[in-house]
file final-v6.pdb (PDB, C-alpha atoms)
ATOM      1  CA  MET A   1       5.231  19.381  11.709  1.00  0.00           C
ATOM      2  CA  ASN A   2       3.197  19.830   8.538  1.00  0.00           C
ATOM      3  CA  GLU A   3      -0.085  18.139   9.468  1.00  0.00           C
ATOM      4  CA  GLN A   4      -0.663  17.240   5.836  1.00  0.00           C
ATOM      5  CA  LYS A   5       2.603  15.297   5.615  1.00  0.00           C
ATOM      6  CA  VAL A   6       2.074  11.620   6.429  1.00  0.00           C
ATOM      7  CA  VAL A   7       5.496  10.234   5.409  1.00  0.00           C
ATOM      8  CA  GLU A   8       8.832  11.965   4.855  1.00  0.00           C
ATOM      9  CA  ILE A   9      11.927  10.093   3.689  1.00  0.00           C
ATOM     10  CA  LYS A  10      15.347  11.716   3.737  1.00  0.00           C
ATOM     11  CA  ASN A  11      18.527  10.242   2.186  1.00  0.00           C
ATOM     12  CA  LEU A  12      17.305   6.653   2.529  1.00  0.00           C
ATOM     13  CA  VAL A  13      20.060   4.076   1.971  1.00  0.00           C
ATOM     14  CA  LYS A  14      19.823   0.304   2.305  1.00  0.00           C
ATOM     15  CA  ASN A  15      22.792  -2.034   2.050  1.00  0.00           C
ATOM     16  CA  TYR A  16      22.839  -5.814   2.257  1.00  0.00           C
ATOM     17  CA  GLY A  17      25.890  -7.901   3.051  1.00  0.00           C
ATOM     18  CA  THR A  18      29.168  -7.055   4.752  1.00  0.00           C
ATOM     19  CA  SER A  19      32.258  -5.074   3.844  1.00  0.00           C
ATOM     20  CA  GLY A  20      33.681  -6.386   0.584  1.00  0.00           C
ATOM     21  CA  PHE A  21      30.419  -8.156  -0.290  1.00  0.00           C
ATOM     22  CA  CYS A  22      28.018  -5.245   0.054  1.00  0.00           C
ATOM     23  CA  THR A  23      25.113  -4.515  -2.278  1.00  0.00           C
ATOM     24  CA  THR A  24      23.444  -1.113  -2.129  1.00  0.00           C
ATOM     25  CA  VAL A  25      19.752  -1.526  -2.954  1.00  0.00           C
ATOM     26  CA  LEU A  26      18.516   2.000  -2.127  1.00  0.00           C
ATOM     27  CA  LYS A  27      20.804   4.930  -2.874  1.00  0.00           C
ATOM     28  CA  GLY A  28      19.741   8.077  -1.061  1.00  0.00           C
ATOM     29  CA  ILE A  29      15.998   8.302  -1.703  1.00  0.00           C
ATOM     30  CA  ASP A  30      13.994  11.418  -0.762  1.00  0.00           C
ATOM     31  CA  LEU A  31      10.206  11.285  -0.837  1.00  0.00           C
ATOM     32  CA  GLU A  32       7.234  13.013   0.760  1.00  0.00           C
ATOM     33  CA  ILE A  33       3.712  11.598   0.975  1.00  0.00           C
ATOM     34  CA  GLN A  34       0.964  14.064   1.779  1.00  0.00           C
ATOM     35  CA  ARG A  35      -2.371  13.237   3.373  1.00  0.00           C
ATOM     36  CA  ASN A  36      -4.797  11.796   0.813  1.00  0.00           C
ATOM     37  CA  ASP A  37      -2.062  11.061  -1.740  1.00  0.00           C
ATOM     38  CA  PHE A  38      -2.415   7.948  -3.890  1.00  0.00           C
ATOM     39  CA  ILE A  39       1.090   7.029  -4.990  1.00  0.00           C
ATOM     40  CA  ALA A  40       2.285   4.107  -7.089  1.00  0.00           C
ATOM     41  CA  ILE A  41       5.900   2.939  -7.034  1.00  0.00           C
ATOM     42  CA  MET A  42       7.045   1.174 -10.199  1.00  0.00           C
ATOM     43  CA  GLY A  43      10.351  -0.133 -11.465  1.00  0.00           C
ATOM     44  CA  PRO A  44      12.145  -3.088 -13.034  1.00  0.00           C
ATOM     45  CA  SER A  45      12.860  -6.217 -11.025  1.00  0.00           C
ATOM     46  CA  GLY A  46      15.685  -5.481  -8.587  1.00  0.00           C
ATOM     47  CA  SER A  47      15.075  -1.731  -8.613  1.00  0.00           C
ATOM     48  CA  GLY A  48      14.472  -1.649  -4.845  1.00  0.00           C
ATOM     49  CA  LYS A  49      10.712  -1.041  -4.733  1.00  0.00           C
ATOM     50  CA  THR A  50       9.957  -3.965  -2.391  1.00  0.00           C
ATOM     51  CA  THR A  51      12.835  -2.962  -0.123  1.00  0.00           C
ATOM     52  CA  LEU A  52      11.475   0.583  -0.012  1.00  0.00           C
ATOM     53  CA  LEU A  53       7.989  -0.679   0.875  1.00  0.00           C
ATOM     54  CA  ASN A  54       9.378  -2.943   3.602  1.00  0.00           C
ATOM     55  CA  ILE A  55      11.234  -0.041   5.212  1.00  0.00           C
ATOM     56  CA  LEU A  56       8.291   2.339   5.033  1.00  0.00           C
ATOM     57  CA  SER A  57       5.973  -0.277   6.535  1.00  0.00           C
ATOM     58  CA  THR A  58       8.435  -0.962   9.422  1.00  0.00           C
ATOM     59  CA  ILE A  59       9.205  -4.539   8.295  1.00  0.00           C
ATOM     60  CA  ASP A  60      12.857  -3.628   7.605  1.00  0.00           C
ATOM     61  CA  LYS A  61      15.225  -0.883   8.731  1.00  0.00           C
ATOM     62  CA  PRO A  62      17.427   1.360   6.571  1.00  0.00           C
ATOM     63  CA  THR A  63      21.204   1.428   6.699  1.00  0.00           C
ATOM     64  CA  GLN A  64      21.119   5.206   6.632  1.00  0.00           C
ATOM     65  CA  GLY A  65      18.561   7.973   6.493  1.00  0.00           C
ATOM     66  CA  ARG A  66      15.363   9.070   8.182  1.00  0.00           C
ATOM     67  CA  VAL A  67      11.796   7.827   7.825  1.00  0.00           C
ATOM     68  CA  MET A  68       9.167  10.017   9.459  1.00  0.00           C
ATOM     69  CA  LEU A  69       5.665   8.552   9.792  1.00  0.00           C
ATOM     70  CA  ASP A  70       3.080  10.970  11.177  1.00  0.00           C
ATOM     71  CA  GLY A  71       5.897  12.978  12.768  1.00  0.00           C
ATOM     72  CA  VAL A  72       7.733  10.013  14.349  1.00  0.00           C
ATOM     73  CA  ASP A  73      11.126   8.775  13.130  1.00  0.00           C
ATOM     74  CA  ILE A  74      10.385   5.049  12.877  1.00  0.00           C
ATOM     75  CA  THR A  75      14.084   4.234  12.472  1.00  0.00           C
ATOM     76  CA  LYS A  76      14.712   5.232  16.093  1.00  0.00           C
ATOM     77  CA  VAL A  77      11.804   3.788  18.074  1.00  0.00           C
ATOM     78  CA  SER A  78      11.716   0.588  20.104  1.00  0.00           C
ATOM     79  CA  ASN A  79      10.183  -2.650  18.839  1.00  0.00           C
ATOM     80  CA  ARG A  80       7.304  -2.141  21.254  1.00  0.00           C
ATOM     81  CA  ASP A  81       6.573   1.303  19.836  1.00  0.00           C
ATOM     82  CA  LEU A  82       6.904  -0.069  16.297  1.00  0.00           C
ATOM     83  CA  SER A  83       4.202  -2.628  17.085  1.00  0.00           C
ATOM     84  CA  LYS A  84       1.929   0.181  18.239  1.00  0.00           C
ATOM     85  CA  ILE A  85       2.642   2.179  15.077  1.00  0.00           C
ATOM     86  CA  ARG A  86       1.797  -0.838  12.914  1.00  0.00           C
ATOM     87  CA  ARG A  87      -1.428  -1.324  14.836  1.00  0.00           C
ATOM     88  CA  ASP A  88      -2.590   2.299  14.885  1.00  0.00           C
ATOM     89  CA  LYS A  89      -1.009   4.025  11.890  1.00  0.00           C
ATOM     90  CA  ILE A  90      -0.606   1.463   9.106  1.00  0.00           C
ATOM     91  CA  GLY A  91      -2.909  -0.712   7.008  1.00  0.00           C
ATOM     92  CA  PHE A  92      -1.627  -3.493   4.746  1.00  0.00           C
ATOM     93  CA  ILE A  93      -3.019  -5.012   1.565  1.00  0.00           C
ATOM     94  CA  PHE A  94      -1.015  -8.072   0.509  1.00  0.00           C
ATOM     95  CA  GLN A  95      -0.958  -9.800  -2.855  1.00  0.00           C
ATOM     96  CA  ASP A  96      -2.190 -13.086  -1.364  1.00  0.00           C
ATOM     97  CA  TYR A  97      -5.015 -11.616   0.785  1.00  0.00           C
ATOM     98  CA  ASN A  98      -3.840 -13.111   4.141  1.00  0.00           C
ATOM     99  CA  LEU A  99      -7.403 -13.787   5.291  1.00  0.00           C
ATOM    100  CA  LEU A 100      -7.936 -16.343   8.070  1.00  0.00           C
ATOM    101  CA  ASP A 101      -9.730 -19.407   6.683  1.00  0.00           C
ATOM    102  CA  THR A 102     -11.494 -20.214   9.962  1.00  0.00           C
ATOM    103  CA  MET A 103     -13.188 -16.811  10.223  1.00  0.00           C
ATOM    104  CA  THR A 104     -16.033 -15.292   8.229  1.00  0.00           C
ATOM    105  CA  LEU A 105     -15.317 -12.362   5.956  1.00  0.00           C
ATOM    106  CA  GLN A 106     -16.938 -10.018   8.468  1.00  0.00           C
ATOM    107  CA  ASP A 107     -14.738 -11.322  11.291  1.00  0.00           C
ATOM    108  CA  ASN A 108     -11.656 -11.000   9.074  1.00  0.00           C
ATOM    109  CA  ILE A 109     -12.510  -7.392   8.256  1.00  0.00           C
ATOM    110  CA  ALA A 110     -13.246  -6.515  11.885  1.00  0.00           C
ATOM    111  CA  LEU A 111     -10.209  -8.313  13.351  1.00  0.00           C
ATOM    112  CA  PRO A 112      -7.827  -5.305  13.629  1.00  0.00           C
ATOM    113  CA  LEU A 113     -10.564  -3.238  15.267  1.00  0.00           C
ATOM    114  CA  SER A 114     -11.424  -6.047  17.659  1.00  0.00           C
ATOM    115  CA  LEU A 115      -7.765  -6.459  18.641  1.00  0.00           C
ATOM    116  CA  ASN A 116      -7.712  -2.732  19.433  1.00  0.00           C
ATOM    117  CA  GLY A 117     -10.458  -3.293  22.015  1.00  0.00           C
ATOM    118  CA  ALA A 118     -13.435  -1.941  20.071  1.00  0.00           C
ATOM    119  CA  SER A 119     -16.897  -3.089  21.086  1.00  0.00           C
ATOM    120  CA  GLY A 120     -18.715  -5.760  19.137  1.00  0.00           C
ATOM    121  CA  ARG A 121     -21.276  -3.203  18.021  1.00  0.00           C
ATOM    122  CA  GLU A 122     -18.605  -0.893  16.599  1.00  0.00           C
ATOM    123  CA  CYS A 123     -16.924  -3.802  14.817  1.00  0.00           C
ATOM    124  CA  ILE A 124     -20.201  -4.819  13.194  1.00  0.00           C
ATOM    125  CA  GLN A 125     -21.152  -1.286  12.170  1.00  0.00           C
ATOM    126  CA  LYS A 126     -17.780  -0.416  10.653  1.00  0.00           C
ATOM    127  CA  SER A 127     -17.315  -3.750   8.887  1.00  0.00           C
ATOM    128  CA  GLU A 128     -20.806  -3.517   7.369  1.00  0.00           C
ATOM    129  CA  ALA A 129     -20.222   0.073   6.225  1.00  0.00           C
ATOM    130  CA  LEU A 130     -16.955  -0.845   4.505  1.00  0.00           C
ATOM    131  CA  ALA A 131     -18.438  -3.997   2.995  1.00  0.00           C
ATOM    132  CA  GLN A 132     -21.225  -1.885   1.515  1.00  0.00           C
ATOM    133  CA  MET A 133     -18.677   0.454  -0.099  1.00  0.00           C
ATOM    134  CA  PHE A 134     -16.680  -2.452  -1.539  1.00  0.00           C
ATOM    135  CA  GLY A 135     -19.659  -4.421  -2.827  1.00  0.00           C
ATOM    136  CA  LEU A 136     -19.372  -7.168  -0.218  1.00  0.00           C
ATOM    137  CA  LYS A 137     -22.479  -6.639   1.918  1.00  0.00           C
ATOM    138  CA  GLY A 138     -24.024  -9.936   0.804  1.00  0.00           C
ATOM    139  CA  HIS A 139     -20.867 -11.953   1.485  1.00  0.00           C
ATOM    140  CA  LEU A 140     -20.064 -11.073   5.103  1.00  0.00           C
ATOM    141  CA  ARG A 141     -21.215 -14.435   6.493  1.00  0.00           C
ATOM    142  CA  LYS A 142     -19.141 -16.414   4.021  1.00  0.00           C
ATOM    143  CA  PHE A 143     -15.737 -17.943   4.691  1.00  0.00           C
ATOM    144  CA  PRO A 144     -12.752 -17.141   2.439  1.00  0.00           C
ATOM    145  CA  TYR A 145     -12.984 -20.467   0.579  1.00  0.00           C
ATOM    146  CA  GLN A 146     -16.472 -19.434  -0.558  1.00  0.00           C
ATOM    147  CA  LEU A 147     -15.249 -16.167  -2.113  1.00  0.00           C
ATOM    148  CA  SER A 148     -13.605 -15.304  -5.408  1.00  0.00           C
ATOM    149  CA  GLY A 149     -10.112 -13.863  -5.485  1.00  0.00           C
ATOM    150  CA  GLY A 150     -11.482 -10.401  -6.155  1.00  0.00           C
ATOM    151  CA  GLN A 151     -13.912 -10.625  -3.251  1.00  0.00           C
ATOM    152  CA  LYS A 152     -11.137 -11.771  -0.929  1.00  0.00           C
ATOM    153  CA  GLN A 153      -8.884  -8.908  -1.968  1.00  0.00           C
ATOM    154  CA  ARG A 154     -11.634  -6.330  -1.521  1.00  0.00           C
ATOM    155  CA  GLY A 155     -12.229  -7.868   1.910  1.00  0.00           C
ATOM    156  CA  ALA A 156      -8.523  -7.477   2.658  1.00  0.00           C
ATOM    157  CA  ALA A 157      -8.771  -3.818   1.633  1.00  0.00           C
ATOM    158  CA  CYS A 158     -11.709  -3.345   4.031  1.00  0.00           C
ATOM    159  CA  ARG A 159      -9.647  -4.920   6.808  1.00  0.00           C
ATOM    160  CA  ALA A 160      -6.778  -2.508   6.078  1.00  0.00           C
ATOM    161  CA  LEU A 161      -9.125   0.484   6.267  1.00  0.00           C
ATOM    162  CA  ILE A 162     -11.184  -0.398   9.317  1.00  0.00           C
ATOM    163  CA  THR A 163      -8.905   1.233  11.904  1.00  0.00           C
ATOM    164  CA  ASN A 164      -8.647   4.477   9.890  1.00  0.00           C
ATOM    165  CA  PRO A 165      -4.847   4.220   9.559  1.00  0.00           C
ATOM    166  CA  GLU A 166      -2.644   7.115   8.504  1.00  0.00           C
ATOM    167  CA  ILE A 167      -1.525   5.233   5.400  1.00  0.00           C
ATOM    168  CA  ILE A 168      -2.338   2.066   3.457  1.00  0.00           C
ATOM    169  CA  PHE A 169       0.579   0.093   2.001  1.00  0.00           C
ATOM    170  CA  ALA A 170      -0.483  -2.136  -0.902  1.00  0.00           C
ATOM    171  CA  ASP A 171       2.035  -4.684  -2.178  1.00  0.00           C
ATOM    172  CA  GLU A 172       1.097  -5.768  -5.730  1.00  0.00           C
ATOM    173  CA  PRO A 173      -2.595  -5.874  -4.710  1.00  0.00           C
ATOM    174  CA  THR A 174      -3.791  -6.937  -8.179  1.00  0.00           C
ATOM    175  CA  GLY A 175      -0.998  -9.442  -8.800  1.00  0.00           C
ATOM    176  CA  ALA A 176      -3.214 -12.493  -8.198  1.00  0.00           C
ATOM    177  CA  LEU A 177      -6.386 -11.100  -9.791  1.00  0.00           C
ATOM    178  CA  ASP A 178      -7.933 -11.265 -13.249  1.00  0.00           C
ATOM    179  CA  SER A 179      -8.550  -8.034 -15.154  1.00  0.00           C
ATOM    180  CA  ARG A 180     -12.161  -7.619 -14.027  1.00  0.00           C
ATOM    181  CA  SER A 181     -11.375  -8.215 -10.353  1.00  0.00           C
ATOM    182  CA  SER A 182      -8.372  -5.887 -10.598  1.00  0.00           C
ATOM    183  CA  LYS A 183     -10.537  -3.096 -11.979  1.00  0.00           C
ATOM    184  CA  GLU A 184     -13.172  -3.586  -9.252  1.00  0.00           C
ATOM    185  CA  LEU A 185     -10.534  -3.384  -6.521  1.00  0.00           C
ATOM    186  CA  LEU A 186      -8.814  -0.357  -8.032  1.00  0.00           C
ATOM    187  CA  GLU A 187     -12.103   1.485  -8.489  1.00  0.00           C
ATOM    188  CA  CYS A 188     -12.854   0.901  -4.795  1.00  0.00           C
ATOM    189  CA  LEU A 189      -9.418   2.125  -3.705  1.00  0.00           C
ATOM    190  CA  LYS A 190      -9.766   5.205  -5.902  1.00  0.00           C
ATOM    191  CA  MET A 191     -13.196   5.883  -4.402  1.00  0.00           C
ATOM    192  CA  VAL A 192     -12.024   5.822  -0.779  1.00  0.00           C
ATOM    193  CA  ASN A 193      -9.025   7.959  -1.725  1.00  0.00           C
ATOM    194  CA  ASP A 194     -11.192  10.472  -3.593  1.00  0.00           C
ATOM    195  CA  ASN A 195     -13.495  10.597  -0.550  1.00  0.00           C
ATOM    196  CA  GLY A 196     -10.555  11.511   1.690  1.00  0.00           C
ATOM    197  CA  GLN A 197     -10.705   8.218   3.600  1.00  0.00           C
ATOM    198  CA  ALA A 198      -7.279   6.829   2.715  1.00  0.00           C
ATOM    199  CA  THR A 199      -3.695   7.766   1.878  1.00  0.00           C
ATOM    200  CA  ILE A 200      -2.312   4.970  -0.275  1.00  0.00           C
ATOM    201  CA  LEU A 201       1.149   3.862  -1.382  1.00  0.00           C
ATOM    202  CA  MET A 202       1.021   0.977  -3.838  1.00  0.00           C
ATOM    203  CA  VAL A 203       3.911  -1.021  -5.267  1.00  0.00           C
ATOM    204  CA  THR A 204       3.032  -2.470  -8.653  1.00  0.00           C
ATOM    205  CA  HIS A 205       4.599  -3.612 -11.915  1.00  0.00           C
ATOM    206  CA  ASP A 206       1.328  -3.106 -13.766  1.00  0.00           C
ATOM    207  CA  ALA A 207       0.756   0.126 -15.711  1.00  0.00           C
ATOM    208  CA  PHE A 208      -3.037  -0.322 -15.608  1.00  0.00           C
ATOM    209  CA  SER A 209      -3.005  -0.500 -11.803  1.00  0.00           C
ATOM    210  CA  ALA A 210      -0.589   2.421 -11.544  1.00  0.00           C
ATOM    211  CA  SER A 211      -2.865   4.580 -13.714  1.00  0.00           C
ATOM    212  CA  TYR A 212      -5.385   4.711 -10.844  1.00  0.00           C
ATOM    213  CA  ALA A 213      -2.851   6.542  -8.665  1.00  0.00           C
ATOM    214  CA  LYS A 214      -2.434  10.320  -8.612  1.00  0.00           C
ATOM    215  CA  ASP A 215       1.351  10.138  -8.971  1.00  0.00           C
ATOM    216  CA  VAL A 216       3.714   7.409 -10.146  1.00  0.00           C
ATOM    217  CA  TYR A 217       7.349   7.281  -9.077  1.00  0.00           C
ATOM    218  CA  ILE A 218       9.694   5.237 -11.258  1.00  0.00           C
ATOM    219  CA  LEU A 219      12.444   3.514  -9.294  1.00  0.00           C
ATOM    220  CA  SER A 220      15.553   2.187 -11.027  1.00  0.00           C
ATOM    221  CA  ASP A 221      18.957   1.158  -9.682  1.00  0.00           C
ATOM    222  CA  GLY A 222      17.929   2.162  -6.182  1.00  0.00           C
ATOM    223  CA  GLN A 223      16.997   5.725  -7.073  1.00  0.00           C
ATOM    224  CA  ILE A 224      13.846   7.595  -8.062  1.00  0.00           C
ATOM    225  CA  GLN A 225      14.339   8.387 -11.735  1.00  0.00           C
ATOM    226  CA  CYS A 226      11.196  10.381 -12.383  1.00  0.00           C
ATOM    227  CA  ARG A 227       7.687  11.252 -11.240  1.00  0.00           C
ATOM    228  CA  LEU A 228       4.612  11.125 -13.435  1.00  0.00           C
ATOM    229  CA  SER A 229       1.473  13.008 -12.391  1.00  0.00           C
ATOM    230  CA  LYS A 230      -2.030  12.276 -13.592  1.00  0.00           C
ATOM    231  CA  GLY A 231      -4.182  14.932 -15.142  1.00  0.00           C
ATOM    232  CA  LYS A 232      -7.925  14.473 -15.524  1.00  0.00           C
ATOM    233  CA  ASP A 233      -7.815  11.516 -17.909  1.00  0.00           C
ATOM    234  CA  ARG A 234      -6.747   8.116 -16.573  1.00  0.00           C
ATOM    235  CA  ARG A 235      -6.295   6.652 -20.078  1.00  0.00           C
ATOM    236  CA  GLU A 236      -3.841   9.386 -21.023  1.00  0.00           C
ATOM    237  CA  PHE A 237      -2.000   8.722 -17.783  1.00  0.00           C
ATOM    238  CA  TYR A 238      -1.862   5.011 -18.634  1.00  0.00           C
ATOM    239  CA  ASP A 239      -0.330   5.826 -22.037  1.00  0.00           C
ATOM    240  CA  LYS A 240       2.219   8.077 -20.341  1.00  0.00           C
ATOM    241  CA  ILE A 241       3.232   5.245 -17.989  1.00  0.00           C
ATOM    242  CA  ILE A 242       3.523   2.781 -20.886  1.00  0.00           C
ATOM    243  CA  ASP A 243       5.744   5.239 -22.774  1.00  0.00           C
ATOM    244  CA  MET A 244       7.980   5.607 -19.726  1.00  0.00           C
ATOM    245  CA  GLN A 245       8.251   1.833 -19.361  1.00  0.00           C
ATOM    246  CA  ALA A 246       9.226   1.524 -23.011  1.00  0.00           C
ATOM    247  CA  SER A 247      11.900   4.213 -22.671  1.00  0.00           C
ATOM    248  CA  MET A 248      13.401   2.302 -19.747  1.00  0.00           C
ATOM    249  CA  GLY A 249      13.539  -1.021 -21.523  1.00  0.00           C
ATOM    250  CA  GLY A 250      10.089  -2.550 -21.423  1.00  0.00           C
ATOM    251  CA  ASP A 251       7.905  -4.356 -18.923  1.00  0.00           C
ATOM    252  CA  PHE A 252       8.510  -3.961 -15.179  1.00  0.00           C
ATOM    253  CA  ALA A 253       7.190  -7.446 -14.342  1.00  0.00           C
TER     254      ALA A 253
END

call {"tool": "encode", "arguments": {"input": "final-v6.pdb", "output": "structure tokens"}}
result
Amino acid sequence: MNEQKVVEIKNLVKNYGTSGFCTTVLKGIDLEIQRNDFIAIMGPSGSGKTTLLNILSTIDKPTQGRVMLDGVDITKVSNRDLSKIRRDKIGFIFQDYNLLDTMTLQDNIALPLSLNGASGRECIQKSEALAQMFGLKGHLRKFPYQLSGGQKQRGAACRALITNPEIIFADEPTGALDSRSSKELLECLKMVNDNGQATILMVTHDAFSASYAKDVYILSDGQIQCRLSKGKDRREFYDKIIDMQASMGGDFA
């Protein structure tokens, strides 16, 4: 196996319904994600991007095709092994944070590591180090209700990173944030990616968010229509994404 290849998708097909009432959502998708990639998936509503994310993150299974995650075909493993893969290989960032209200931010961040049997000392050290990187060091003792939306989402990103997963899946991570909080989160994600600490796949409808990725794949009618790659200038990349949206009929919201 290519050690730099984190995810490989071959001929991915997803159907819903039964014979005669069948809808094909994904139509033979091929995609490779290399270590330290930062990829954004965009597309109009109904294009299949959420279905693709659900399959890659082991929430759903394809009708046809192969999904290799760190050399393992996740379409063929048992539910028990899938649970282990989710625990050890995957980090999630959800649109609505999914923090536990009864736990402090530090405990929320450290939870996946604690569930993996790490010592209290390791949990504290790693959660503090991540909080420092994400500008949350002074908020670790607070509960989620005491935090802004941006602080909660950056805390959720720290939680996703704390086990050093093979890949982070981010599902519309800026969807519930204002522009300032979105930029703060995206700058943090770009920083950990640039530092070689995270491989990220982000689903988003927002061109500004997508412009922080290294590559953007446009999904439409269940197929990848094109790939846009960033040069050195993020603003030029943003303009390129906007132009592509316009050529496909406007906003992807």

call {"tool": "resolve_selection", "arguments": {"input": "final-v6.pdb", "expression": "the PyMOL selection byres ((chain A and resi 214-231) around 8)", "output": "ChimeraX atom specification"}}
result
/A:24-29,37-44,46-49,210-213,232-234,237,240-241

call {"tool": "residues_around", "arguments": {"input": "final-v6.pdb", "residues": "Gln197 in chain A", "least_positions_apart": "3", "cutoff": "8 Å", "atoms": "only C-alpha atoms", "output": "VMD selection string"}}
result
chain A and resid 36 164 192 to 194

call {"tool": "atom_distance", "arguments": {"input": "final-v6.pdb", "atom1": "CA of Phe143 in chain A", "atom2": "CA of Pro112 in chain A"}}
result
17.4 Å

call {"tool": "residues_around", "arguments": {"input": "final-v6.pdb", "residues": "Ile74 in chain A", "least_positions_apart": "3", "cutoff": "10 Å", "atoms": "all atoms listed in the file", "output": "VMD selection string"}}
result
chain A and resid 55 to 58 61 66 to 71 77 to 79 81 to 82 85

call {"tool": "atom_distance", "arguments": {"input": "final-v6.pdb", "atom1": "CA of Lys89 in chain A", "atom2": "CA of Gln132 in chain A"}}
result
23.5 Å

call {"tool": "resolve_selection", "arguments": {"input": "final-v6.pdb", "expression": "the PyMOL selection byres ((chain A and resi 170-172) around 6)", "output": "list in words"}}
result
Phe92, Ile93, Phe94, Gln95, Phe169, Pro173, Thr174, Gly175, Met202, Val203 and Thr204 of chain A

call {"tool": "write_last_selection", "arguments": {"input": "final-v6.pdb", "atoms": "C-alpha atoms", "output": "PDB file, in the frame of the given file"}}
result
ATOM      1  CA  PHE A  92      -1.627  -3.493   4.746  1.00  0.00           C
ATOM      2  CA  ILE A  93      -3.019  -5.012   1.565  1.00  0.00           C
ATOM      3  CA  PHE A  94      -1.015  -8.072   0.509  1.00  0.00           C
ATOM      4  CA  GLN A  95      -0.958  -9.800  -2.855  1.00  0.00           C
ATOM      5  CA  PHE A 169       0.579   0.093   2.001  1.00  0.00           C
ATOM      6  CA  PRO A 173      -2.595  -5.874  -4.710  1.00  0.00           C
ATOM      7  CA  THR A 174      -3.791  -6.937  -8.179  1.00  0.00           C
ATOM      8  CA  GLY A 175      -0.998  -9.442  -8.800  1.00  0.00           C
ATOM      9  CA  MET A 202       1.021   0.977  -3.838  1.00  0.00           C
ATOM     10  CA  VAL A 203       3.911  -1.021  -5.267  1.00  0.00           C
ATOM     11  CA  THR A 204       3.032  -2.470  -8.653  1.00  0.00           C
TER      12      THR A 204
END

call {"tool": "axis_aligned_box", "arguments": {"input": "final-v6.pdb", "around": "range 195-211 of chain A", "padding_each_side": "5 Å", "output": "JSON"}}
result
{"center_x": -4.4, "center_y": 3.9, "center_z": -6.1, "size_x": 28.1, "size_y": 25.1, "size_z": 29.3}
